[in-house]
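One file, upload21.cif, carrying mmCIF, C-alpha atoms:
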data_work
#
loop_
_atom_site.group_PDB
_atom_site.id
_atom_site.type_symbol
_atom_site.label_atom_id
_atom_site.label_comp_id
_atom_site.auth_asym_id
_atom_site.auth_seq_id
_atom_site.Cartn_x
_atom_site.Cartn_y
_atom_site.Cartn_z
ATOM 1 C CA MET A 1189 102.955 86.551 95.710
ATOM 2 C CA ALA A 1190 105.324 86.930 92.790
ATOM 3 C CA MET A 1191 104.974 90.721 92.925
ATOM 4 C CA CYS A 1192 105.796 90.664 96.639
ATOM 5 C CA ARG A 1193 108.901 88.618 95.914
ATOM 6 C CA ILE A 1194 110.005 91.034 93.194
ATOM 7 C CA ALA A 1195 109.521 93.998 95.541
ATOM 8 C CA GLU A 1196 111.543 92.184 98.201
ATOM 9 C CA GLU A 1197 114.331 91.327 95.746
ATOM 10 C CA GLU A 1198 114.518 94.996 94.749
ATOM 11 C CA GLY A 1199 114.822 96.054 98.386
ATOM 12 C CA LEU A 1200 111.528 97.944 98.356
ATOM 13 C CA SER A 1201 108.971 98.410 101.091
ATOM 14 C CA LEU A 1202 105.402 97.262 100.582
ATOM 15 C CA ASP A 1203 102.080 98.977 101.242
ATOM 16 C CA VAL A 1204 99.105 96.801 102.159
ATOM 17 C CA VAL A 1205 95.504 97.878 102.740
ATOM 18 C CA SER A 1206 93.785 94.712 103.944
ATOM 19 C CA ASP A 1207 94.297 91.493 105.840
ATOM 20 C CA GLY A 1208 94.300 89.660 102.502
ATOM 21 C CA GLU A 1209 97.158 91.750 101.166
ATOM 22 C CA LEU A 1210 99.041 91.390 104.453
ATOM 23 C CA PHE A 1211 98.506 87.619 104.394
ATOM 24 C CA THR A 1212 99.764 87.442 100.802
ATOM 25 C CA ALA A 1213 102.880 89.462 101.621
ATOM 26 C CA LEU A 1214 103.687 87.318 104.639
ATOM 27 C CA GLN A 1215 103.073 84.080 102.716
ATOM 28 C CA ALA A 1216 105.452 85.323 100.026
ATOM 29 C CA GLY A 1217 108.124 85.754 102.682
ATOM 30 C CA PHE A 1218 108.183 89.529 102.475
ATOM 31 C CA PRO A 1219 109.979 91.037 105.503
ATOM 32 C CA ALA A 1220 107.275 92.244 107.899
ATOM 33 C CA GLU A 1221 109.410 95.164 109.079
ATOM 34 C CA ARG A 1222 109.205 96.638 105.557
ATOM 35 C CA ILE A 1223 105.395 96.470 105.390
ATOM 36 C CA HIS A 1224 103.298 99.637 105.811
ATOM 37 C CA PHE A 1225 99.588 99.147 106.548
ATOM 38 C CA HIS A 1226 97.488 101.878 104.909
ATOM 39 C CA GLY A 1227 93.730 102.317 104.727
ATOM 40 C CA ASN A 1228 91.257 104.425 106.634
ATOM 41 C CA ASN A 1229 88.986 101.616 107.802
ATOM 42 C CA LYS A 1230 91.173 98.942 109.400
ATOM 43 C CA THR A 1231 89.276 96.377 111.422
ATOM 44 C CA PRO A 1232 90.331 95.230 114.892
ATOM 45 C CA TYR A 1233 91.194 91.850 113.353
ATOM 46 C CA GLU A 1234 93.457 93.474 110.741
ATOM 47 C CA ILE A 1235 95.207 95.593 113.361
ATOM 48 C CA GLU A 1236 95.775 92.562 115.565
ATOM 49 C CA MET A 1237 97.056 90.520 112.632
ATOM 50 C CA ALA A 1238 99.496 93.267 111.670
ATOM 51 C CA LEU A 1239 100.698 93.715 115.247
ATOM 52 C CA ASP A 1240 101.246 89.981 115.618
ATOM 53 C CA ALA A 1241 103.242 89.978 112.371
ATOM 54 C CA LYS A 1242 105.312 92.915 113.697
ATOM 55 C CA ILE A 1243 104.883 95.034 110.585
ATOM 56 C CA GLY A 1244 107.029 98.111 110.111
ATOM 57 C CA ARG A 1245 104.452 100.904 110.204
ATOM 58 C CA PHE A 1246 100.762 101.662 110.512
ATOM 59 C CA VAL A 1247 99.647 104.640 108.434
ATOM 60 C CA VAL A 1248 96.845 106.193 110.496
ATOM 61 C CA ASP A 1249 94.093 108.364 108.996
ATOM 62 C CA ASN A 1250 91.796 109.240 111.880
ATOM 63 C CA PHE A 1251 91.325 109.338 115.649
ATOM 64 C CA VAL A 1252 89.081 106.262 115.746
ATOM 65 C CA GLU A 1253 91.837 104.214 114.160
ATOM 66 C CA LEU A 1254 94.578 105.769 116.309
ATOM 67 C CA ARG A 1255 92.691 104.976 119.507
ATOM 68 C CA LEU A 1256 91.783 101.461 118.373
ATOM 69 C CA LEU A 1257 95.398 100.749 117.432
ATOM 70 C CA ASN A 1258 96.616 102.106 120.783
ATOM 71 C CA ALA A 1259 94.065 100.025 122.698
ATOM 72 C CA ILE A 1260 94.891 96.769 120.912
ATOM 73 C CA ALA A 1261 98.629 97.420 121.092
ATOM 74 C CA GLY A 1262 98.315 98.262 124.771
ATOM 75 C CA GLU A 1263 96.585 94.950 125.485
ATOM 76 C CA LYS A 1264 99.491 93.211 123.740
ATOM 77 C CA ARG A 1265 102.058 95.424 125.479
ATOM 78 C CA MET A 1266 103.332 96.567 122.108
ATOM 79 C CA LYS A 1267 104.284 100.004 120.823
ATOM 80 C CA PRO A 1268 103.577 100.140 117.094
ATOM 81 C CA ASN A 1269 105.390 102.480 114.751
ATOM 82 C CA VAL A 1270 102.919 104.996 113.353
ATOM 83 C CA LEU A 1271 102.885 107.405 110.442
ATOM 84 C CA LEU A 1272 100.093 109.974 110.535
ATOM 85 C CA ARG A 1273 98.471 110.890 107.242
ATOM 86 C CA ILE A 1274 98.039 114.648 107.092
ATOM 87 C CA THR A 1275 95.520 116.449 104.936
ATOM 88 C CA PRO A 1276 97.187 119.735 103.967
ATOM 89 C CA GLY A 1277 94.034 121.522 102.816
ATOM 90 C CA VAL A 1278 95.172 121.795 99.220
ATOM 91 C CA GLU A 1279 92.485 121.775 96.574
ATOM 92 C CA ALA A 1280 93.503 119.741 93.530
ATOM 93 C CA HIS A 1281 91.379 120.495 90.512
ATOM 94 C CA THR A 1282 90.509 116.928 89.642
ATOM 95 C CA HIS A 1283 87.544 114.573 89.884
ATOM 96 C CA GLU A 1284 85.929 114.691 93.335
ATOM 97 C CA TYR A 1285 86.199 110.893 93.777
ATOM 98 C CA ILE A 1286 90.002 110.940 93.651
ATOM 99 C CA SER A 1287 90.631 114.219 95.432
ATOM 100 C CA THR A 1288 92.199 113.604 98.869
ATOM 101 C CA GLY A 1289 94.125 116.720 99.915
ATOM 102 C CA GLN A 1290 91.246 119.087 100.622
ATOM 103 C CA GLU A 1291 90.096 120.000 104.119
ATOM 104 C CA ASP A 1292 86.986 117.796 104.111
ATOM 105 C CA SER A 1293 88.795 114.628 102.987
ATOM 106 C CA LYS A 1294 88.075 111.413 104.872
ATOM 107 C CA PHE A 1295 91.757 110.567 104.453
ATOM 108 C CA GLY A 1296 94.082 111.975 107.067
ATOM 109 C CA PHE A 1297 94.187 114.516 109.864
ATOM 110 C CA ASP A 1298 93.320 118.080 108.848
ATOM 111 C CA LEU A 1299 96.198 120.502 109.186
ATOM 112 C CA GLY A 1300 94.004 123.601 109.020
ATOM 113 C CA ASN A 1301 91.671 122.837 111.921
ATOM 114 C CA GLY A 1302 94.361 121.572 114.294
ATOM 115 C CA ALA A 1303 93.459 117.878 114.093
ATOM 116 C CA ALA A 1304 96.926 117.031 112.766
ATOM 117 C CA PHE A 1305 98.608 118.654 115.771
ATOM 118 C CA GLU A 1306 96.215 116.908 118.153
ATOM 119 C CA ALA A 1307 96.945 113.567 116.464
ATOM 120 C CA VAL A 1308 100.691 114.092 116.849
ATOM 121 C CA LYS A 1309 100.182 114.885 120.530
ATOM 122 C CA GLU A 1310 97.951 111.857 121.111
ATOM 123 C CA ALA A 1311 100.263 109.505 119.210
ATOM 124 C CA SER A 1312 103.287 110.807 121.102
ATOM 125 C CA GLU A 1313 101.647 110.371 124.492
ATOM 126 C CA SER A 1314 100.749 106.764 123.748
ATOM 127 C CA ALA A 1315 104.228 105.797 122.570
#
Using structure tokens, write down the structure that the file contains.
Amino acid sequence: MAMCRIAEEEGLSLDVVSDGELFTALQAGFPAERIHFHGNNKTPYEIEMALDAKIGRFVVDNFVELRLLNAIAGEKRMKPNVLLRITPGVEAHTHEYISTGQEDSKFGFDLGNGAAFEAVKEASESA
């Protein structure tokens, strides 16, 4: 919680990737509107928790998550702010376990195959 307080004092935003990190940030008094929820495997519970807290942004990696977020938000009559993670199709010559920009990455919508454009369209229509 001390790190959350330091980030808040410095006027920074905060990235969280789990309900535990979100809980910690909220308990520390971090402003929810400056929290960004990352991660490519958010659970329905985590999405609901973040919506209820009125976080600033959801960073969305895939269509399953986008549709789940839209469904839960729709039930709550909420319109979440969304950032779409785009995979540019750039091959970084690094270890395969930390490489995330290539076309077959599980992180983000692929720019090369049109998924990124489809995600923008789908996100825009649900807003």
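The spacing separating CA of Glu1236 in chain A from CA of Ala1261 in chain A amounts to 7.9 Å.
For the residues A:Pro1268, A:Asp1203, A:Asn1258, A:Thr1275, ranking by smallest atom-to-atom distance to Glu1310 in chain A using all atoms listed in the file places A:Asn1258 first.
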For range 1241-1255 of chain A, work out the shell of residues within 10 Å, counting only C-alpha atoms and skipping chain neighbours fewer than 6 positions away, then give it as a PyMOL selection string.
-> chain A and resi 1201-1205+1210-1211+1214+1219-1232+1235+1261+1266+1268-1275+1294-1298+1303-1304+1306-1307+1310-1311+1314
May I have the residues within 8 Å of Arg1193 in chain A as a short mmCIF file (atom, residue, chain, number, x, y, z; two decimals) with C-alpha atoms, in the frame of the given file, using only C-alpha atoms and disregarding those fewer than 4 positions away in the same chain?
data_model
loop_
_atom_site.label_atom_id
_atom_site.label_comp_id
_atom_site.auth_asym_id
_atom_site.auth_seq_id
_atom_site.Cartn_x
_atom_site.Cartn_y
_atom_site.Cartn_z
CA MET A 1189 102.96 86.55 95.71
CA GLU A 1197 114.33 91.33 95.75
CA ALA A 1216 105.45 85.32 100.03
CA GLY A 1217 108.12 85.75 102.68
CA PHE A 1218 108.18 89.53 102.48
#
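What separates CA of Ala1195 in chain A from CA of Glu1209 in chain A is a distance of 13.8 Å.
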Report, as JSON, the axis-aligned box around all atoms of range 1208-1218 of chain A present in the file, extended by 8 Å on each side; give centre and edge lengths in Å to one decimal place.
{"center_x": 101.2, "center_y": 87.9, "center_z": 102.3, "size_x": 29.9, "size_y": 23.7, "size_z": 20.6}
Of the listed residues A:Lys1309, A:Gly1262, A:Asn1301, A:Leu1239, that which approaches Asp1207 in chain A most closely, counting only C-alpha atoms =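 So, comparing all the options, the nearest one is A:Leu1239.
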What does the distance from CA of Val1308 in chain A to CA of Glu1234 in chain A come to in Å, to one decimal?
-> 22.7 Å
With distances taken over only C-alpha atoms, which of A:Ala1213, A:Gly1208, A:Asp1240, A:Glu1313 is nearest to Ile1194 in chain A?
->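 Closest candidate: A:Ala1213.
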